[in-house]
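For reference, the structure is listed below as C-alpha cells.
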Amino acid sequence: MTGTPRYWPLVLAATAILLVTMGIRQSLGLYVQPLAADTGLGIVAISFALAVGQLVWGAVQPAFGAWADQRGPARVLVVGGLLLFAGMALAPVLASGWGLVLTLGLLSAAGAGAGSFSVLIGATAAATPAHKRSFAAGVINAGGSAGQFVFAPVTQAIIGAFGWMAAMWTMAVAALATLPLARALRGKRASAAPAAGVATPLQQDDGLRAQLRVAARDRSYWCLHIGFFTCGFHIAFLVTHLPTEIALCGLSDTVSATALALIGLCNIGGSLAVGWLGQRYRMKSLLALMYASRALLVGLYLVSPPTPLTFYLFAAGLGATWLATVPPTAGIIGKLFGPRYLATLFGFTLLSHQVGGFFGAWLGGLAIAHLGDYTWMWYADIVLALLAAAFNLPIRESPPRPFPQEQPA
C-alpha cells in the first residue's frame, strides 16, 4: 500500500473524539472543591454523584457498543455528544445533590461513554490490519490522555478566572466538537472474520447472543474483567480525589491541575509505547507489569514528603500506565473473539472497570468524611493492584506472530 493506509483517517478521527470526551470527563475532580465551597454540598454528596458517573459511564458501554456493532458508530457518537453537552450545560443550573447525580452522574457520563473506548476502538478494528490493531488502539487511547493534558489546565484556569459554572458551560460547548468528527466513522462496522492467525470459537457470524455465550464461558475473559475492575478503582479514586489529597497537604490548586495534566501527558507516551509493545510481546505480561508498577508507585508515594515535586513525580509515574491498560485489554479480546463484536465485548469489560470506578470515587469520599484522610484507600489500592497483576498472568494468549507483509489496497 502506498501513501497513508486507509485506516489512519478513521483512527485519527476516533482519537480526536476521545480527546474531547475524556478530557472533559477526567477533569471533573477539579470541580469538587469549588462546588463544595459554593453550594454547601458536602464532599460525600459530590463524590457520590461522580461515583454514579463512573458506574454509568461503564454501564452504557455494552449497550452503546452493541448499537454501534449493529448500526454503525456515527449515530451513537452524535447522541453521545449531545448528552455530554446537556449534562455539562445543566449542571450549574441543577447544583443540588440529586441535580448533580442527574447531570454529571447520568447525562454527561452516558454521553462520554458513547464516545469512549469500546465504540471508537470497535469502529476502527475492521479497517485495521490485525497486527496493527494494538498500536492503533494505543493511538486512540493516547487521544484520551492528550485530552486530560489539555483540558485539566484549561479547566482550572477558567475556574480560577470566571468560576466553576463558566468552566462547565465552556466544556459543554467543547463537547459539540465531537459531532462533525462522527461523520468520519459513518457506516463503519466490524466484519465477522476472526483475527488473522487466531482460532476463535465462532468462525462465522453466529450473532451477538452466541458470541456473548462463548465469552461468558471463557476464563481469560473473566480474568481481564477482574484486572480492569482494579484499574477502574485506581483511576476513579485518583481523578476524583487527587486534587483533595493535594489540598490536604496545603498545596495550591495549580499543583492539582499540573499533576492531572502530567498524568495525561505521560500517558500519551505510555499508551503509544504499550500499543507498540503489544505487537511484539504478550499483552497479558504487559498488563501484569503495569498493575504491579502501580502498587510500587503508591507505596513510594506514601513514604515520600508531600511536596509539589513528589506529586509531579507521582503523576508522571502514574501517567505511564494510566490508560495504557486499554490497548492490551482490547487487543486480547480481539485475539480471543475477533473484531465483529469487539465494541460489545470490550464494553462489558469496561463495565467492570467502572464498577471499580464507582467504589474508588465513592469510598474515597467516605474515607475523607469519616477518617479525615485517604490512608486506607491507598492501602486498598496497593492490594488490588497486586491482585490484578496476579489475575492477568493465567490469561490464555498466544505469542505475537511475525508481521505479515501488507498487501496493496
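Residue numbers start at 1 in each chain; chains themselves are named A, B, ... in the order of the C-alpha cells; ligands are numbered from 1 in the order shown.
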
Query raised in the report: Which neighbours of Gly23 (chain A) fall inside 12 Å, counting only C-alpha atoms, when residues of the same chain fewer than 3 positions from it are skipped, and could you give them as JSON, numbers by chain?
Result: {"A": [15, 16, 17, 18, 19, 20, 26, 27, 28, 29, 84, 112, 115, 116, 141, 142, 143, 144, 145, 146, 147, 148, 149, 150, 151, 152, 153, 154, 155, 171, 172, 174, 175, 239, 260, 261, 263, 264, 265]}

Those same residues, written as a PDB file, in the first residue's frame with C-alpha atoms?
ATOM      1  CA  THR A  15      -8.509   9.867  18.596  1.00  0.00           C
ATOM      2  CA  ALA A  16      -9.872  13.409  18.328  1.00  0.00           C
ATOM      3  CA  ILE A  17     -13.292  12.367  19.681  1.00  0.00           C
ATOM      4  CA  LEU A  18     -11.715  10.631  22.663  1.00  0.00           C
ATOM      5  CA  LEU A  19      -9.537  13.696  23.288  1.00  0.00           C
ATOM      6  CA  VAL A  20     -12.698  15.742  23.873  1.00  0.00           C
ATOM      7  CA  GLN A  26     -11.093  13.301  33.527  1.00  0.00           C
ATOM      8  CA  SER A  27     -11.090  16.921  34.687  1.00  0.00           C
ATOM      9  CA  LEU A  28     -14.235  16.662  36.836  1.00  0.00           C
ATOM     10  CA  GLY A  29     -12.198  16.246  40.022  1.00  0.00           C
ATOM     11  CA  LEU A  84     -22.413  15.235  27.157  1.00  0.00           C
ATOM     12  CA  ALA A 112     -18.865  10.429  27.451  1.00  0.00           C
ATOM     13  CA  GLY A 115     -17.823   8.486  22.717  1.00  0.00           C
ATOM     14  CA  SER A 116     -15.365   6.248  24.513  1.00  0.00           C
ATOM     15  CA  ASN A 141      -6.018   5.802  23.739  1.00  0.00           C
ATOM     16  CA  ALA A 142      -3.345   8.497  23.586  1.00  0.00           C
ATOM     17  CA  GLY A 143      -6.089  10.873  22.446  1.00  0.00           C
ATOM     18  CA  GLY A 144      -7.825  10.443  25.800  1.00  0.00           C
ATOM     19  CA  SER A 145      -4.569  11.174  27.595  1.00  0.00           C
ATOM     20  CA  ALA A 146      -3.942  14.231  25.419  1.00  0.00           C
ATOM     21  CA  GLY A 147      -7.417  15.415  26.359  1.00  0.00           C
ATOM     22  CA  GLN A 148      -6.565  15.233  30.044  1.00  0.00           C
ATOM     23  CA  PHE A 149      -3.300  17.093  29.403  1.00  0.00           C
ATOM     24  CA  VAL A 150      -5.125  19.868  27.529  1.00  0.00           C
ATOM     25  CA  PHE A 151      -8.392  20.112  29.436  1.00  0.00           C
ATOM     26  CA  ALA A 152      -7.128  19.940  33.034  1.00  0.00           C
ATOM     27  CA  PRO A 153      -5.097  23.191  32.997  1.00  0.00           C
ATOM     28  CA  VAL A 154      -7.666  24.938  30.793  1.00  0.00           C
ATOM     29  CA  THR A 155     -10.480  23.948  33.151  1.00  0.00           C
ATOM     30  CA  MET A 171     -16.861  22.300  28.444  1.00  0.00           C
ATOM     31  CA  ALA A 172     -20.444  21.881  27.222  1.00  0.00           C
ATOM     32  CA  ALA A 174     -16.420  21.834  23.623  1.00  0.00           C
ATOM     33  CA  ALA A 175     -18.486  18.619  23.665  1.00  0.00           C
ATOM     34  CA  VAL A 239      -9.085  11.511  39.224  1.00  0.00           C
ATOM     35  CA  LEU A 260      -3.569  15.890  36.335  1.00  0.00           C
ATOM     36  CA  ALA A 261      -2.061  17.394  33.188  1.00  0.00           C
ATOM     37  CA  ILE A 263      -0.744  12.233  34.078  1.00  0.00           C
ATOM     38  CA  GLY A 264      -2.298  12.894  30.676  1.00  0.00           C
ATOM     39  CA  LEU A 265       0.967  13.994  29.072  1.00  0.00           C
TER      40      LEU A 265
END

Query raised in the report: Which residues, written as a ChimeraX atom specification, have at least one atom at most 8 Å from Gly365 (chain A), with only C-alpha atoms counted and residues fewer than 5 positions away on the same chain left out?
Result: /A:43-44,47-48,241

Report task. Work out how far apart CA of Leu262 (chain A) and CA of Met283 (chain A) are and give it in Å to one decimal. Result ->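 We find that CA of Leu262 (chain A) and CA of Met283 (chain A) lie 25.1 Å from each other.
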
Requested in this report: Name the residues of region 45-125 of chain A that come out as alpha helix (DSSP H) in a backbone DSSP run; write them as a PyMOL selection string.
Outcome: chain A and resi 45-71+73-90+97-100+108-114+117-125

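By chain and then residue number, the residues within 8 Å of Ser256 (chain A) are A:Leu30, A:Leu242, A:Pro243, A:Ile246, A:Ser252, A:Asp253, A:Thr254, A:Thr258, A:Ala259, A:Leu260, counting only C-alpha atoms and disregarding those fewer than 2 positions away in sequence.
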